[in-house]
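Novice: Mind looking over this structure? Questions follow.
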There are 2 protein chains.
Amino acid sequence: MAGSASVKDVAKRAGVSLGTVSNVLNRPERVGQETKDKVLRAIEELGFVRNEAARQLRAGRSRTIGLLVLDVGNPFFTDIAAGVEETAAAEGLSVLLCNSAERQDREDHYLSVLEEQRALGVLISPVSGNNPHLGEIRARGMAAVLVDHRATRRQCSVSVDDVVGGEIAVAHLIDRGYERVAFVGGPTNLNQVADRLAGARNAWRAAGRDERKLTVLETTALNVASGRQMGERIAAMPPRRRPGAVFCANDLLALGVLQEMTRQGLDVPGDIAIIGYDDIDFAAAAAVPLTSVRQPRAQLGRAATELLIEEISAADTHRHRQVVFEPELVVRASTGGALD
Amino acid sequence: MAGSASVKDVAKRAGVSLGTVSNVLNRPERVGQETKDKVLRAIEELGFVRNEAARQLRAGRSRTIGLLVLDVGNPFFTDIAAGVEETAAAEGLSVLLCNSAERQDREDHYLSVLEEQRALGVLISPVSGNNPHLGEIRARGMAAVLVDHRATRRQCSVSVDDVVGGEIAVAHLIDRGYERVAFVGGPTNLNQVADRLAGARNAWRAAGRDERKLTVLETTALNVASGRQMGERIAAMPPRRRPGAVFCANDLLALGVLQEMTRQGLDVPGDIAIIGYDDIDFAAAAAVPLTSVRQPRAQLGRAATELLIEEISAADTHRHRQVVFEPELVVRASTGGALD
DNA sequence: ATGGGCGAATGAAACCTTTCATGTGACGCA
DNA sequence: TGCGTCACATGAAAGGTTTCATTCGCCCAT
């Protein structure tokens with residue numbers, strides 16, 4: 001049975017008191033060498049393992065932070081996770097990795113789990129802008145940092161400016177002379193999607209283009225499968241009504257669309273140009289290397305964790321900050337390649 | 001402060017006893033409607049949140065299982081994770097996702113964490129074949145299922161036959177007439193790598209080929225960056241000593257190699273053929289669609305979780321099983337494409 | 001009117017660790 | 001010899017939940 005031996009058992013076996021065992025575990029410098037050896041031997045012999053639950057109960061809090069992302073299957077988030085874990089581990093914190101799969105109910109569920117676990121704080125890439133459940137939890141004192149979504153003044157966040165990202169993507173397409181552009185992404189209640197679309201519209205308007213020639217093709221999710229599905233729809237359009245370029249809300253969608261275009265015998269970028277978002281590792285390795293909007297991912301994770309730790313450890317003096325990184329356009333073959 | 005209100009506070013506020021509150025929470029059918037309403041109102045007003053640590057302490061065990069993978073950045077594992085989470089959630093279990101990053105010390109660390117948390121069990125894709133620490137933990141009663149690595153009779157496992165996978169990969173290359181083949185992968189203490197290499201050697205020998213013409217190029221990790229690095233080395237070889245085909249221990253390596261080949265102006269499969277392993281989503285979408293050995297990923301995750309749950313809930317009658325799935329070759333352009 | 005039966009509510013005990021005020025014994029110094 | 005110091009060691013208390021043997025209050029049958 002896991003954990004059958006308790007501190008009490010160890011104490012009995014070593015012939016010392018309960019408190020002494022605890023001291024060996026937590027403040028070994030206060031214990032005599034001989035006693036320490038006895039206790040350590042007893043621990044070894046009994047296979048004693050600390051009970052974290054009891055420890056936590058006593059301490060009133062855990063040594064865990066939560067990382068709640070929209071999609072663990074998306075390399076964008078696993079790269080962030082790498083940065084988070086690295087920074088957290090350096091502080092002796094464990095990371096509980098949770099996947100909302102872009103669903104509000106799952107996000108709420110995990111928030112409850114984290115609160116019941118008395119997590120120190122949560123890094124969350126929220127499904128929607130304003131989750132009342134998150135508000136309650138914060139009101140009860142849990143630290144929270146929004147990741148990949150800009151917060152208002154009353155909360156910390158780390159994000160990349162998605163509106164700017166949308167702008168530079170579409171400005172690039174305009175620059176390359178595409179007349180008809182489609183935005184592919186969804187669900188639009190995701191902030192990333194909404195912001196990127198807003199940026200796209202900004203750039204379109206700024207260039208004095210006809211609003212009706214910027215189509216929005218809404219997908220149900222941000223993964224390769226949805227991209228393929230939408231690719232099918234695009235391929236099925238009569239060539240004259242088909243957009244000359246599509247701006248996808250993330251690289252997974254873009255790769256899906258690309259795959260389907262290739263399968264249907266359409267040339268990229270000849271028949272249709274594609275631009276993605278995130279610049280994940282696979283974007284460069286795609287059938288047609290993908291133009292994409294790059295975000296500093298690991299840095300995002302590190303910055304978020306640092307903010308969270310600050311909020312946890314200096315709750316009184318802490319001032320909320322909204323860190324915003326700038327995205328960067330990486331031009332590849334899928335929109336005609338770099339001009340020389 | 002999160003969780004400042006306890007069951008006791010709720011009881012006081014509702015004017016009932018401690019036990020009644022607990023009953024409302026856990027066996028609502030035993031409580032009168034009126035009392036229930038009072039208690040629920042008090043919970044609402046105080047913002048009471050269950051303290052999972054205390055609950056666990058009392059219960060002696062958690063409602064959590066661990067999933068300890070070699071690399072969360074690898075879609076192969078996140079696909080498995082999806083299957084695991086789905087199955088676990090259906091049973092009301094939480095999944096603690098841990099990343100050993102292919103390092104033994106991190107694996108051991110997470111195993112300790114899981115044991116201290118009194119996790120019900122662990123799904124582990126082990127760094128090496130035989131981790132004594134895992135043995136100890138199992139001896140103390142924790143359930144464990146090996147994922148992506150075949151166990152001996154005394155333990156459950158879910159895996160895909162990597163030796164067969166290596167065989168079909170290299171058999172395919174032999175079939176296509178390649179004389180010089182290189183195996184790219186590492187570190188070789190990873191079982192997946194060792195087995196795939198063993199399979200490759202089997203196929204090579206079975207075809208009566210000269211052992212010296214099957215080169216092994218060892219990498220330090222199984223990711224895109226390592227693949228690129230190795231790609232550089234391969235591209236730098238004099239054409240006559242360069243292998244005509246490389247078999248990569250996973251798709252990330254293969255994509256890295258492919259990327260570097262393209263960058264260096266080498267044609268795939270003309271100058272060099274590439275075959276990967278895992279058939280992740282991105283394999284099909286690669287610059288040159290990648291021939292790969294497919295594993296049933298989500299199924300692997302589901303099967304593993306089912307085995308684990310069985311081991312947990314019927315520890316006495318449980319018989320260890322080693323489920324082995326068969327891999328499947330998916331031929332694409334990187335080895336010349338499907339023959340018609 | 002009395003007792004049996006029943007649904008509902010009670011509260012002490014247990015789970016395991018950590019902390020802290022207290023206790024013990026040895027040693028050195030006056 | 002007696003006292004103060006010091007280094008360790010002690011064990012009761014606290015932390016929040018669940019469980020379970022009891023008790024309570026009420027209605028119905030006798």
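Chain lettering (A, B, ...) mirrors the order of the structure tokens, residue numbering begins at 1 for each chain separately, and ligand numbering begins at 1 in order of display.
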Name the residues in contact with DC24 (chain D) at a cut-off of 9 Å, using only C-alpha atoms (C1' of nucleotides), excluding same-chain residues fewer than 3 positions from it; report them as number ranges by chain.

Specialist: C: 8-10

Novice: Compute the set of chain B residues within 9 Å of chain C, using only C-alpha atoms (C1' of nucleotides), and express it as a PDB file with C-alpha atoms, in the first residue's frame.

Specialist:
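Result file follows (result_23.pdb):
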ATOM      1  CA  VAL B  16     -26.509  22.857  11.376  1.00  0.00           C
ATOM      2  CA  SER B  17     -23.834  20.404  12.343  1.00  0.00           C
ATOM      3  CA  LEU B  18     -20.586  19.655  10.590  1.00  0.00           C
ATOM      4  CA  GLY B  19     -21.660  16.227   9.479  1.00  0.00           C
ATOM      5  CA  THR B  20     -24.763  17.578   7.827  1.00  0.00           C
ATOM      6  CA  ARG B  30     -29.808  11.738   2.905  1.00  0.00           C
ATOM      7  CA  VAL B  31     -30.569  15.330   3.762  1.00  0.00           C
ATOM      8  CA  GLY B  32     -33.951  17.015   4.040  1.00  0.00           C
ATOM      9  CA  ALA B  54      -8.052  17.545   3.734  1.00  0.00           C
ATOM     10  CA  GLN B  56      -7.484  13.350   0.423  1.00  0.00           C
ATOM     11  CA  LEU B  57      -5.887  13.091   3.793  1.00  0.00           C
ATOM     12  CA  ARG B  58      -9.052  11.594   5.154  1.00  0.00           C
ATOM     13  CA  ALA B  59      -9.619   9.326   2.174  1.00  0.00           C
ATOM     14  CA  GLY B  60      -6.006   8.180   2.135  1.00  0.00           C
TER      15      GLY B  60
END

Novice: Select all residues from chain D having any atom no more than 12 Å from an atom of chain A (counting only C-alpha atoms (C1' of nucleotides), ignoring ligands), output as a list in words.

Specialist: DA7, DC8, DA9, DT10, DG11, DA12, DA13, DA14, DG15, DG16 and DT17 of chain D

Novice: Those residues you just picked out, can you put them in a file as a tab-separated table (two decimals), in the first residue's frame with C-alpha atoms (C1' of nucleotides)?

Specialist:
chain	number	residue	atom	x	y	z
D	7	DA	C1'	22.16	21.49	22.08
D	8	DC	C1'	18.68	18.41	21.36
D	9	DA	C1'	14.54	16.14	21.85
D	10	DT	C1'	9.64	16.04	23.10
D	11	DG	C1'	4.56	15.85	22.38
D	12	DA	C1'	0.33	18.31	22.29
D	13	DA	C1'	-2.29	21.13	19.20
D	14	DA	C1'	-3.96	22.56	14.85
D	15	DG	C1'	-5.45	22.17	10.16
D	16	DG	C1'	-10.40	20.57	7.22
D	17	DT	C1'	-12.81	16.72	5.81

Novice: I need the contact residues of chain A against chain B, so if you could list those with any atom within 8 Å, counting only C-alpha atoms, and return them as a count of residues only, that would help.

Specialist: 41

Novice: Just the number, please: distance in Å from CA of Arg196 (chain B) to CA of Asp162 (chain B), one decimal.

Specialist: 5.2 Å

Novice: Apply DSSP to the backbone of this structure and, from region 6-225 of chain A, keep only the residues in strand (DSSP E); write these as JSON, numbers by chain.

Specialist: {"A": [64, 65, 66, 67, 68, 69, 94, 95, 96, 97, 98, 99, 121, 122, 123, 124, 143, 144, 145, 146, 147, 156, 157, 158, 159, 160, 181, 182, 183, 184, 185, 214, 215, 216, 217, 218]}

Novice: Just the selected residues (C-alpha atoms), exported as an mmCIF file, in the first residue's frame, please.

Specialist:
data_model
loop_
_atom_site.group_PDB
_atom_site.id
_atom_site.type_symbol
_atom_site.label_atom_id
_atom_site.label_comp_id
_atom_site.auth_asym_id
_atom_site.auth_seq_id
_atom_site.Cartn_x
_atom_site.Cartn_y
_atom_site.Cartn_z
ATOM 1 C CA THR A 64 1.595 23.962 -7.242
ATOM 2 C CA ILE A 65 0.594 26.364 -9.960
ATOM 3 C CA GLY A 66 -1.870 25.591 -12.717
ATOM 4 C CA LEU A 67 -1.318 26.112 -16.416
ATOM 5 C CA LEU A 68 -4.638 26.049 -18.209
ATOM 6 C CA VAL A 69 -4.291 26.161 -21.971
ATOM 7 C CA SER A 94 5.107 21.996 -9.641
ATOM 8 C CA VAL A 95 3.007 22.738 -12.682
ATOM 9 C CA LEU A 96 -0.392 21.181 -13.153
ATOM 10 C CA LEU A 97 -0.999 21.171 -16.885
ATOM 11 C CA CYS A 98 -4.674 21.423 -17.817
ATOM 12 C CA ASN A 99 -6.343 21.444 -21.197
ATOM 13 C CA GLY A 121 -1.960 30.578 -8.772
ATOM 14 C CA VAL A 122 -2.984 29.932 -12.316
ATOM 15 C CA LEU A 123 -1.648 30.814 -15.715
ATOM 16 C CA ILE A 124 -4.614 30.791 -17.993
ATOM 17 C CA ALA A 143 -3.206 34.760 -8.169
ATOM 18 C CA ALA A 144 -3.823 34.632 -11.886
ATOM 19 C CA VAL A 145 -1.980 35.721 -14.982
ATOM 20 C CA LEU A 146 -3.637 35.765 -18.362
ATOM 21 C CA VAL A 147 -1.532 34.206 -21.054
ATOM 22 C CA CYS A 156 -1.624 40.670 -14.935
ATOM 23 C CA SER A 157 -1.252 39.413 -18.440
ATOM 24 C CA VAL A 158 1.352 38.386 -20.932
ATOM 25 C CA SER A 159 0.420 38.514 -24.534
ATOM 26 C CA VAL A 160 1.462 39.229 -28.016
ATOM 27 C CA VAL A 181 -8.742 37.742 -49.005
ATOM 28 C CA ALA A 182 -10.442 35.344 -46.614
ATOM 29 C CA PHE A 183 -9.922 35.098 -42.902
ATOM 30 C CA VAL A 184 -10.141 31.516 -41.650
ATOM 31 C CA GLY A 185 -10.600 30.997 -37.944
ATOM 32 C CA LEU A 214 -12.578 40.382 -46.918
ATOM 33 C CA THR A 215 -14.539 37.208 -46.296
ATOM 34 C CA VAL A 216 -14.696 35.520 -42.930
ATOM 35 C CA LEU A 217 -14.792 31.745 -42.941
ATOM 36 C CA GLU A 218 -15.546 30.581 -39.444
#

Novice: Distance CA of Arg209 (chain B)-CA of Pro269 (chain B), one decimal place?

Specialist: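 Calculated distance between CA of Arg209 (chain B) and CA of Pro269 (chain B) is 21.5 Å.
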
Novice: May I ask for the distance between CA of Asn130 (chain B) and CA of Leu308 (chain B), given in Å to one decimal place?

Specialist: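 Going from CA of Asn130 (chain B) over to CA of Leu308 (chain B) covers 19.0 Å.
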
Novice: Could you list, as JSON, numbers by chain, every residue within 9 Å of Gly336 (chain A), counting only C-alpha atoms (C1' of nucleotides) and ignoring same-chain residues fewer than 6 positions away?

Specialist: {"A": [176, 268, 269, 270, 273, 291]}

Novice: Please produce an output containing N, CA and C atoms for each residue in the selection, written as a PDB file, in the first residue's frame.

Specialist:
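The file below, selection_34.pdb, is the result:
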ATOM      1  N   ARG A 176       1.325  42.213 -51.411  1.00  0.00           N
ATOM      2  CA  ARG A 176       1.617  41.270 -52.486  1.00  0.00           C
ATOM      3  C   ARG A 176       0.571  41.328 -53.600  1.00  0.00           C
ATOM      4  N   VAL A 268      -0.199  26.294 -54.303  1.00  0.00           N
ATOM      5  CA  VAL A 268       0.063  27.335 -53.316  1.00  0.00           C
ATOM      6  C   VAL A 268       1.482  27.831 -53.544  1.00  0.00           C
ATOM      7  N   PRO A 269       1.717  29.099 -53.779  1.00  0.00           N
ATOM      8  CA  PRO A 269       0.759  30.206 -53.687  1.00  0.00           C
ATOM      9  C   PRO A 269       0.107  30.578 -55.022  1.00  0.00           C
ATOM     10  N   GLY A 270       0.365  29.807 -56.084  1.00  0.00           N
ATOM     11  CA  GLY A 270      -0.152  30.170 -57.402  1.00  0.00           C
ATOM     12  C   GLY A 270      -1.655  30.385 -57.426  1.00  0.00           C
ATOM     13  N   ALA A 273      -2.812  31.843 -51.960  1.00  0.00           N
ATOM     14  CA  ALA A 273      -1.723  32.056 -51.002  1.00  0.00           C
ATOM     15  C   ALA A 273      -2.239  31.772 -49.592  1.00  0.00           C
ATOM     16  N   THR A 291       4.347  31.112 -44.684  1.00  0.00           N
ATOM     17  CA  THR A 291       4.488  32.454 -44.135  1.00  0.00           C
ATOM     18  C   THR A 291       3.671  32.489 -42.854  1.00  0.00           C
TER      19      THR A 291
END

Novice: Using DSSP on the backbone coordinates, identify the residues of region 6-81 of chain B assigned to helix (DSSP H, G or I); present them as a count of residues only.

Specialist: 49

Novice: Within 7 Å of Leu329 (chain A), counting only C-alpha atoms (C1' of nucleotides), which residues qualify if same-chain residues fewer than 2 places away don't, as a list in words?

Specialist: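 After dropping sequence-adjacent residues, the list is Ile168, Ser292, Val293, Arg294, Pro327 and Val331 of chain A.
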